[in-house]
file upload_27.cif (mmCIF, C-alpha atoms)
data_coords
loop_
_atom_site.group_PDB
_atom_site.id
_atom_site.type_symbol
_atom_site.label_atom_id
_atom_site.label_comp_id
_atom_site.auth_asym_id
_atom_site.auth_seq_id
_atom_site.Cartn_x
_atom_site.Cartn_y
_atom_site.Cartn_z
ATOM 1 C CA MET A 277 61.359 137.246 -89.699
ATOM 2 C CA ASN A 278 58.571 135.406 -87.942
ATOM 3 C CA ILE A 279 57.513 132.716 -90.439
ATOM 4 C CA GLN A 280 54.292 130.882 -89.692
ATOM 5 C CA LEU A 281 52.493 128.263 -91.763
ATOM 6 C CA LYS A 282 48.784 128.643 -91.079
ATOM 7 C CA PRO A 283 45.769 126.657 -92.271
ATOM 8 C CA VAL A 284 43.902 128.356 -95.100
ATOM 9 C CA GLN A 285 40.824 130.282 -93.977
ATOM 10 C CA HIS A 286 37.999 131.729 -96.046
ATOM 11 C CA ASN A 287 39.221 135.278 -95.391
ATOM 12 C CA HIS A 288 42.610 134.406 -97.000
ATOM 13 C CA LEU A 289 41.242 133.615 -100.466
ATOM 14 C CA LYS A 290 41.240 137.081 -102.024
ATOM 15 C CA GLU A 291 44.739 137.904 -100.830
ATOM 16 C CA LEU A 292 46.036 134.492 -101.952
ATOM 17 C CA SER A 293 44.623 135.194 -105.401
ATOM 18 C CA GLU A 294 46.272 138.628 -105.462
ATOM 19 C CA LEU A 295 49.642 137.106 -104.481
ATOM 20 C CA SER A 296 49.449 134.819 -107.516
ATOM 21 C CA LYS A 297 48.661 137.772 -109.756
ATOM 22 C CA SER A 298 51.666 139.674 -108.357
ATOM 23 C CA LEU A 299 54.094 137.309 -110.072
ATOM 24 C CA PRO A 300 55.613 138.216 -113.434
ATOM 25 C CA GLU A 301 53.882 136.474 -116.330
ATOM 26 C CA SER A 302 56.829 134.110 -116.862
ATOM 27 C CA HIS A 303 56.538 132.915 -113.249
ATOM 28 C CA GLN A 304 52.765 132.604 -113.480
ATOM 29 C CA LYS A 305 53.301 130.031 -116.241
ATOM 30 C CA ALA A 306 55.662 127.977 -114.043
ATOM 31 C CA VAL A 307 53.765 128.190 -110.726
ATOM 32 C CA ALA A 308 50.158 127.120 -110.338
ATOM 33 C CA ASN A 309 47.751 129.834 -109.264
ATOM 34 C CA ASN A 310 47.070 129.615 -105.535
ATOM 35 C CA ILE A 311 43.337 129.259 -106.100
ATOM 36 C CA VAL A 312 43.931 126.356 -108.492
ATOM 37 C CA SER A 313 46.184 124.806 -105.836
ATOM 38 C CA LEU A 314 43.417 125.156 -103.266
ATOM 39 C CA ALA A 315 40.998 123.433 -105.633
ATOM 40 C CA GLU A 316 43.523 120.589 -105.958
ATOM 41 C CA ALA A 317 43.812 120.476 -102.166
ATOM 42 C CA TYR A 318 40.032 120.227 -101.908
ATOM 43 C CA VAL A 319 39.785 117.239 -104.249
ATOM 44 C CA ASN A 320 42.888 115.653 -102.654
ATOM 45 C CA TYR A 321 41.781 116.413 -99.100
ATOM 46 C CA ASP A 322 43.136 113.078 -97.850
ATOM 47 C CA LYS A 323 46.724 113.942 -98.718
ATOM 48 C CA ALA A 324 47.006 117.697 -99.332
ATOM 49 C CA TRP A 325 48.351 119.983 -96.599
ATOM 50 C CA PRO A 326 47.831 123.569 -97.849
ATOM 51 C CA ARG A 327 49.228 126.436 -95.777
ATOM 52 C CA VAL A 328 49.291 130.198 -96.018
ATOM 53 C CA ILE A 329 52.731 131.623 -95.295
ATOM 54 C CA PHE A 330 52.865 134.604 -92.980
ATOM 55 C CA ASP A 331 55.688 136.791 -91.742
ATOM 56 C CA GLY A 332 54.107 138.057 -88.565
ATOM 57 C CA ASP A 333 50.741 139.440 -89.661
ATOM 58 C CA THR A 334 51.715 139.802 -93.337
ATOM 59 C CA MET A 335 50.697 137.128 -95.840
ATOM 60 C CA ILE A 336 53.692 136.501 -98.092
ATOM 61 C CA GLY A 337 52.913 133.230 -99.856
ATOM 62 C CA PHE A 338 51.429 129.779 -100.084
ATOM 63 C CA LEU A 339 52.675 126.224 -99.891
ATOM 64 C CA MET A 340 51.142 122.806 -100.151
ATOM 65 C CA VAL A 341 52.576 119.434 -99.177
ATOM 66 C CA ASP A 342 51.538 115.968 -100.372
ATOM 67 C CA LEU A 343 51.532 114.057 -97.085
ATOM 68 C CA GLN A 344 51.121 110.704 -98.842
ATOM 69 C CA PHE A 345 53.975 110.935 -101.325
ATOM 70 C CA ASP A 346 54.898 107.256 -100.780
ATOM 71 C CA GLU A 347 51.523 106.259 -102.206
ATOM 72 C CA SER A 348 51.613 108.959 -104.893
ATOM 73 C CA VAL A 349 54.901 107.554 -106.213
ATOM 74 C CA LYS A 350 53.445 104.052 -106.472
ATOM 75 C CA GLU A 351 50.303 105.288 -108.223
ATOM 76 C CA ALA A 352 52.144 107.560 -110.669
ATOM 77 C CA ASP A 353 54.584 104.918 -111.956
ATOM 78 C CA TYR A 354 57.681 106.739 -110.707
ATOM 79 C CA PRO A 355 60.914 104.739 -110.819
ATOM 80 C CA PHE A 356 60.754 102.250 -107.933
ATOM 81 C CA THR A 357 64.246 103.296 -106.828
ATOM 82 C CA LEU A 358 63.043 106.801 -105.989
ATOM 83 C CA ILE A 359 62.208 105.991 -102.360
ATOM 84 C CA ASP A 360 64.310 103.767 -100.126
ATOM 85 C CA GLU A 361 62.416 102.008 -97.329
ATOM 86 C CA LYS A 362 64.532 103.693 -94.625
ATOM 87 C CA GLU A 363 63.495 107.116 -95.954
ATOM 88 C CA THR A 364 59.820 106.578 -95.228
ATOM 89 C CA PRO A 365 57.502 108.110 -94.427
ATOM 90 C CA THR A 366 58.061 110.687 -97.128
ATOM 91 C CA CYS A 367 56.177 113.759 -98.258
ATOM 92 C CA GLU A 368 56.478 116.167 -101.155
ATOM 93 C CA LEU A 369 56.582 119.932 -101.289
ATOM 94 C CA TRP A 370 53.895 120.151 -103.946
ATOM 95 C CA ARG A 371 53.652 123.942 -104.191
ATOM 96 C CA LEU A 372 55.726 126.858 -102.935
ATOM 97 C CA MET A 373 54.835 130.378 -103.946
ATOM 98 C CA VAL A 374 56.172 133.648 -102.525
ATOM 99 C CA GLY A 375 54.592 136.924 -103.647
ATOM 100 C CA LYS A 376 56.709 139.150 -105.866
ATOM 101 C CA ALA A 377 57.159 141.853 -103.204
ATOM 102 C CA TYR A 378 58.738 139.286 -100.869
ATOM 103 C CA GLN A 379 61.066 137.519 -103.292
ATOM 104 C CA GLY A 380 64.832 137.940 -103.006
ATOM 105 C CA LYS A 381 64.646 138.829 -99.318
ATOM 106 C CA GLY A 382 65.666 135.507 -97.757
ATOM 107 C CA TYR A 383 62.167 134.210 -97.154
ATOM 108 C CA GLY A 384 62.664 130.960 -99.074
ATOM 109 C CA GLU A 385 65.157 129.489 -96.617
ATOM 110 C CA LYS A 386 63.147 130.590 -93.599
ATOM 111 C CA ILE A 387 59.984 129.061 -95.063
ATOM 112 C CA ILE A 388 61.705 125.727 -95.708
ATOM 113 C CA ASP A 389 63.257 125.891 -92.211
ATOM 114 C CA GLN A 390 59.776 126.212 -90.691
ATOM 115 C CA LEU A 391 58.361 123.536 -92.974
ATOM 116 C CA VAL A 392 61.125 121.100 -91.945
ATOM 117 C CA ILE A 393 60.382 121.729 -88.253
ATOM 118 C CA GLU A 394 56.692 120.967 -88.768
ATOM 119 C CA LEU A 395 57.274 117.897 -90.956
ATOM 120 C CA LYS A 396 59.776 116.411 -88.490
ATOM 121 C CA ALA A 397 57.217 116.911 -85.713
ATOM 122 C CA MET A 398 54.730 114.908 -87.821
ATOM 123 C CA GLY A 399 57.270 112.087 -88.147
ATOM 124 C CA TYR A 400 58.372 112.483 -91.762
ATOM 125 C CA LYS A 401 61.903 111.385 -92.683
ATOM 126 C CA THR A 402 62.309 112.664 -96.244
ATOM 127 C CA LEU A 403 60.996 115.666 -98.158
ATOM 128 C CA PHE A 404 60.768 115.505 -101.930
ATOM 129 C CA THR A 405 60.088 118.313 -104.356
ATOM 130 C CA SER A 406 60.242 118.795 -108.094
ATOM 131 C CA CYS A 407 60.745 121.692 -110.433
ATOM 132 C CA VAL A 408 61.063 122.529 -114.083
ATOM 133 C CA ARG A 409 64.472 123.754 -115.206
ATOM 134 C CA ILE A 410 63.354 126.521 -117.544
ATOM 135 C CA HIS A 411 65.080 129.092 -115.316
ATOM 136 C CA PRO A 412 67.942 128.511 -112.853
ATOM 137 C CA MET A 413 65.500 129.074 -109.999
ATOM 138 C CA PRO A 414 64.003 127.355 -108.083
ATOM 139 C CA TYR A 415 66.320 124.391 -108.826
ATOM 140 C CA GLU A 416 69.448 126.236 -107.660
ATOM 141 C CA PHE A 417 67.670 127.393 -104.496
ATOM 142 C CA TYR A 418 66.646 123.852 -103.572
ATOM 143 C CA VAL A 419 70.124 122.407 -104.211
ATOM 144 C CA ARG A 420 71.759 125.225 -102.255
ATOM 145 C CA TYR A 421 69.346 124.558 -99.387
ATOM 146 C CA GLY A 422 70.330 120.891 -99.235
ATOM 147 C CA PHE A 423 68.029 119.015 -101.584
ATOM 148 C CA ILE A 424 69.729 116.319 -103.646
ATOM 149 C CA ASP A 425 68.934 115.814 -107.307
ATOM 150 C CA THR A 426 67.736 112.206 -107.616
ATOM 151 C CA GLY A 427 68.643 112.088 -111.289
ATOM 152 C CA HIS A 428 65.049 111.230 -112.066
ATOM 153 C CA ASN A 429 62.930 113.383 -114.292
ATOM 154 C CA HIS A 430 59.196 112.763 -114.367
ATOM 155 C CA GLY A 431 58.446 115.860 -116.430
ATOM 156 C CA GLU A 432 60.338 117.839 -113.762
ATOM 157 C CA GLN A 433 63.609 117.325 -111.863
ATOM 158 C CA ILE A 434 62.907 115.330 -108.719
ATOM 159 C CA LEU A 435 64.859 116.388 -105.629
ATOM 160 C CA LYS A 436 64.911 114.988 -102.104
ATOM 161 C CA MET A 437 66.204 116.000 -98.708
ATOM 162 C CA PRO A 438 66.543 113.910 -95.551
ATOM 163 C CA LEU A 439 64.781 115.508 -92.609
#

call {"tool": "encode", "arguments": {"input": "upload_27.cif", "output": "structure tokens"}}
result
Amino acid sequence: MNIQLKPVQHNHLKELSELSKSLPESHQKAVANNIVSLAEAYVNYDKAWPRVIFDGDTMIGFLMVDLQFDESVKEADYPFTLIDEKETPTCELWRLMVGKAYQGKGYGEKIIDQLVIELKAMGYKTLFTSCVRIHPMPYEFYVRYGFIDTGHNHGEQILKMPL
């Protein structure tokens, strides 16, 4: 595997849309459509870090990080104990989507590995994420990877991982 996180380009849009449509209907309800995520990135341009996930030359998914999670927590009335001062700066894995054809093949860990490398290089100390617990996944994946359940639920389980 040769995982790369690349900036979104105009020529990626159609394939990103098709990747979203490749998911089973139950997953489509739990994961925002990639095009909707890109619209959110556009209106949150100051904090959103959207990336297309490639394995070599093959597009396999999409992710987006909130690079200003410290501020997002303050604005969203999260519990003040969620972030310890020594954990800052923090960011949040806002979206992670892998196309159906690429699921169950070990890509998730490799994608997070690459994401951690890039976030550490940017100076981040803690990565947060959240997920609904309708199905065992993705919660079990995140915990197995090393995320810690904070015990907080803000509509979704909130997990964090030191970088």

call {"tool": "atom_distance", "arguments": {"input": "upload_27.cif", "atom1": "atom CA of Val374 of chain A", "atom2": "atom CA of Met437 of chain A"}}
result
20.7 Å

call {"tool": "resolve_selection", "arguments": {"input": "upload_27.cif", "expression": "the PyMOL selection byres ((chain A and resi 345) around 9)", "output": "list of chain:residue names"}}
result
A:Lys323, A:Val341, A:Asp342, A:Leu343, A:Gln344, A:Asp346, A:Glu347, A:Ser348, A:Val349, A:Lys350, A:Pro365, A:Thr366, A:Cys367, A:Glu368, A:Phe404

call {"tool": "closest_residue", "arguments": {"input": "upload_27.cif", "among": "A:Arg420, A:Arg371, A:His428, A:Lys376", "to": "Phe338 of chain A", "atoms": "all atoms listed in the file"}}
result
A:Arg371

call {"tool": "closest_residue", "arguments": {"input": "upload_27.cif", "among": "A:Tyr415, A:Trp325, A:Tyr400, A:Tyr421", "to": "Trp370 of chain A", "atoms": "all atoms listed in the file"}}
result
A:Trp325

call {"tool": "residues_around", "arguments": {"input": "upload_27.cif", "residues": "segment 381-383 of chain A", "least_positions_apart": "5", "cutoff": "10 Å", "atoms": "all atoms listed in the file", "output": "PDB file with C-alpha atoms, in the frame of the given file"}}
result
ATOM      1  CA  MET A 277      61.359 137.246 -89.699  1.00  0.00           C
ATOM      2  CA  ASN A 278      58.571 135.406 -87.942  1.00  0.00           C
ATOM      3  CA  ILE A 279      57.513 132.716 -90.439  1.00  0.00           C
ATOM      4  CA  ILE A 329      52.731 131.623 -95.295  1.00  0.00           C
ATOM      5  CA  ASP A 331      55.688 136.791 -91.742  1.00  0.00           C
ATOM      6  CA  ILE A 336      53.692 136.501 -98.092  1.00  0.00           C
ATOM      7  CA  GLY A 337      52.913 133.230 -99.856  1.00  0.00           C
ATOM      8  CA  VAL A 374      56.172 133.648-102.525  1.00  0.00           C
ATOM      9  CA  ILE A 388      61.705 125.727 -95.708  1.00  0.00           C
ATOM     10  CA  ASP A 389      63.257 125.891 -92.211  1.00  0.00           C
TER      11      ASP A 389
END

call {"tool": "atom_distance", "arguments": {"input": "upload_27.cif", "atom1": "atom CA of Val408 of chain A", "atom2": "atom CA of Glu432 of chain A"}}
result
4.8 Å

call {"tool": "atom_distance", "arguments": {"input": "upload_27.cif", "atom1": "atom CA of His288 of chain A", "atom2": "atom CA of Glu316 of chain A"}}
result
16.5 Å

call {"tool": "closest_residue", "arguments": {"input": "upload_27.cif", "among": "A:Lys282, A:Tyr321, A:Asp360, A:Glu301", "to": "Leu339 of chain A", "atoms": "only C-alpha atoms"}}
result
A:Lys282

call {"tool": "closest_residue", "arguments": {"input": "upload_27.cif", "among": "A:Lys386, A:Lys290, A:Lys362, A:Arg409", "to": "Phe330 of chain A", "atoms": "only C-alpha atoms"}}
result
A:Lys386

call {"tool": "residues_near_point", "arguments": {"input": "upload_27.cif", "point": "(54.0, 132.2, -108.3)", "cutoff": "8 Å", "atoms": "all atoms listed in the file", "output": "short mmCIF file (atom, residue, chain, number, x, y, z; two decimals) with C-alpha atoms, keeping the file's coordinate frame"}}
result
data_model
loop_
_atom_site.label_atom_id
_atom_site.label_comp_id
_atom_site.auth_asym_id
_atom_site.auth_seq_id
_atom_site.Cartn_x
_atom_site.Cartn_y
_atom_site.Cartn_z
CA LEU A 295 49.64 137.11 -104.48
CA SER A 296 49.45 134.82 -107.52
CA LYS A 297 48.66 137.77 -109.76
CA SER A 298 51.67 139.67 -108.36
CA LEU A 299 54.09 137.31 -110.07
CA HIS A 303 56.54 132.92 -113.25
CA GLN A 304 52.76 132.60 -113.48
CA ALA A 306 55.66 127.98 -114.04
CA VAL A 307 53.76 128.19 -110.73
CA ALA A 308 50.16 127.12 -110.34
CA ASN A 309 47.75 129.83 -109.26
CA ASN A 310 47.07 129.62 -105.54
CA LEU A 372 55.73 126.86 -102.94
CA MET A 373 54.84 130.38 -103.95
CA VAL A 374 56.17 133.65 -102.52
CA GLY A 375 54.59 136.92 -103.65
CA LYS A 376 56.71 139.15 -105.87
#

call {"tool": "axis_aligned_box", "arguments": {"input": "upload_27.cif", "around": "segment 416-420 of chain A", "padding_each_side": "5 Å", "output": "JSON"}}
result
{"center_x": 69.2, "center_y": 124.9, "center_z": -105.0, "size_x": 15.1, "size_y": 15.0, "size_z": 15.4}

call {"tool": "resolve_selection", "arguments": {"input": "upload_27.cif", "expression": "the PyMOL selection byres ((chain A and resi 419) around 12)", "output": "list in words"}}
result
Glu385, Phe404, Thr405, Ser406, Cys407, Pro412, Met413, Pro414, Tyr415, Glu416, Phe417, Tyr418, Arg420, Tyr421, Gly422, Phe423, Ile424, Asp425, Thr426, Gln433, Ile434, Leu435, Lys436 and Met437 of chain A

call {"tool": "build_atoms", "arguments": {"input": "upload_27.cif", "residues": "segment 367-403 of chain A", "atoms": "N, CA and C atoms", "output": "compact mmCIF listing (two decimals), in the frame of the given file"}}
result
# COMPACT_ATOMS: atom_id res chain seq x y z
N CYS A 367 57.19 112.82 -97.80
CA CYS A 367 56.18 113.76 -98.26
C CYS A 367 56.80 114.59 -99.36
N GLU A 368 55.98 115.36 -100.04
CA GLU A 368 56.48 116.17 -101.16
C GLU A 368 56.00 117.60 -101.02
N LEU A 369 56.94 118.52 -101.17
CA LEU A 369 56.58 119.93 -101.29
C LEU A 369 55.98 120.09 -102.68
N TRP A 370 54.67 120.16 -102.71
CA TRP A 370 53.90 120.15 -103.95
C TRP A 370 53.84 121.55 -104.55
N ARG A 371 53.69 122.56 -103.72
CA ARG A 371 53.65 123.94 -104.19
C ARG A 371 54.42 124.82 -103.21
N LEU A 372 55.12 125.80 -103.74
CA LEU A 372 55.73 126.86 -102.94
C LEU A 372 55.68 128.12 -103.76
N MET A 373 55.00 129.11 -103.24
CA MET A 373 54.84 130.38 -103.95
C MET A 373 55.05 131.51 -102.97
N VAL A 374 55.93 132.45 -103.32
CA VAL A 374 56.17 133.65 -102.52
C VAL A 374 55.83 134.84 -103.41
N GLY A 375 55.01 135.74 -102.89
CA GLY A 375 54.59 136.92 -103.65
C GLY A 375 55.78 137.74 -104.12
N LYS A 376 55.62 138.40 -105.23
CA LYS A 376 56.71 139.15 -105.87
C LYS A 376 57.37 140.14 -104.90
N ALA A 377 56.60 140.84 -104.11
CA ALA A 377 57.16 141.85 -103.20
C ALA A 377 58.06 141.25 -102.14
N TYR A 378 57.98 139.94 -101.94
CA TYR A 378 58.74 139.29 -100.87
C TYR A 378 59.87 138.40 -101.39
N GLN A 379 60.02 138.35 -102.71
CA GLN A 379 61.07 137.52 -103.29
C GLN A 379 62.42 138.22 -103.19
N GLY A 380 63.47 137.40 -103.07
CA GLY A 380 64.83 137.94 -103.01
C GLY A 380 65.19 138.55 -101.67
N LYS A 381 64.41 138.24 -100.63
CA LYS A 381 64.65 138.83 -99.32
C LYS A 381 64.98 137.78 -98.26
N GLY A 382 65.29 136.55 -98.70
CA GLY A 382 65.67 135.51 -97.76
C GLY A 382 64.52 134.72 -97.18
N TYR A 383 63.32 134.93 -97.69
CA TYR A 383 62.17 134.21 -97.15
C TYR A 383 62.20 132.71 -97.48
N GLY A 384 62.69 132.35 -98.65
CA GLY A 384 62.66 130.96 -99.07
C GLY A 384 63.28 130.02 -98.05
N GLU A 385 64.48 130.34 -97.60
CA GLU A 385 65.16 129.49 -96.62
C GLU A 385 64.39 129.43 -95.31
N LYS A 386 63.89 130.56 -94.86
CA LYS A 386 63.15 130.59 -93.60
C LYS A 386 61.85 129.79 -93.70
N ILE A 387 61.21 129.83 -94.86
CA ILE A 387 59.98 129.06 -95.06
C ILE A 387 60.30 127.56 -95.01
N ILE A 388 61.34 127.14 -95.72
CA ILE A 388 61.70 125.73 -95.71
C ILE A 388 62.15 125.31 -94.30
N ASP A 389 62.87 126.19 -93.60
CA ASP A 389 63.26 125.89 -92.21
C ASP A 389 62.02 125.57 -91.38
N GLN A 390 61.00 126.42 -91.48
CA GLN A 390 59.78 126.21 -90.69
C GLN A 390 59.04 124.96 -91.14
N LEU A 391 59.01 124.73 -92.45
CA LEU A 391 58.36 123.54 -92.97
C LEU A 391 59.05 122.28 -92.44
N VAL A 392 60.37 122.26 -92.44
CA VAL A 392 61.12 121.10 -91.94
C VAL A 392 60.80 120.84 -90.47
N ILE A 393 60.73 121.88 -89.67
CA ILE A 393 60.38 121.73 -88.25
C ILE A 393 59.02 121.04 -88.11
N GLU A 394 58.05 121.51 -88.88
CA GLU A 394 56.69 120.97 -88.77
C GLU A 394 56.61 119.54 -89.30
N LEU A 395 57.31 119.25 -90.39
CA LEU A 395 57.27 117.90 -90.96
C LEU A 395 57.97 116.89 -90.05
N LYS A 396 59.09 117.30 -89.45
CA LYS A 396 59.78 116.41 -88.49
C LYS A 396 58.86 116.10 -87.32
N ALA A 397 58.14 117.11 -86.84
CA ALA A 397 57.22 116.91 -85.71
C ALA A 397 56.10 115.93 -86.08
N MET A 398 55.76 115.85 -87.36
CA MET A 398 54.73 114.91 -87.82
C MET A 398 55.31 113.52 -88.09
N GLY A 399 56.64 113.39 -87.98
CA GLY A 399 57.27 112.09 -88.15
C GLY A 399 57.82 111.77 -89.52
N TYR A 400 57.85 112.74 -90.42
CA TYR A 400 58.37 112.48 -91.76
C TYR A 400 59.90 112.42 -91.74
N LYS A 401 60.45 111.57 -92.62
CA LYS A 401 61.90 111.38 -92.68
C LYS A 401 62.54 112.00 -93.92
N THR A 402 61.76 112.15 -94.99
CA THR A 402 62.31 112.66 -96.24
C THR A 402 61.30 113.60 -96.89
N LEU A 403 61.82 114.70 -97.42
CA LEU A 403 61.00 115.67 -98.16
C LEU A 403 61.45 115.67 -99.61
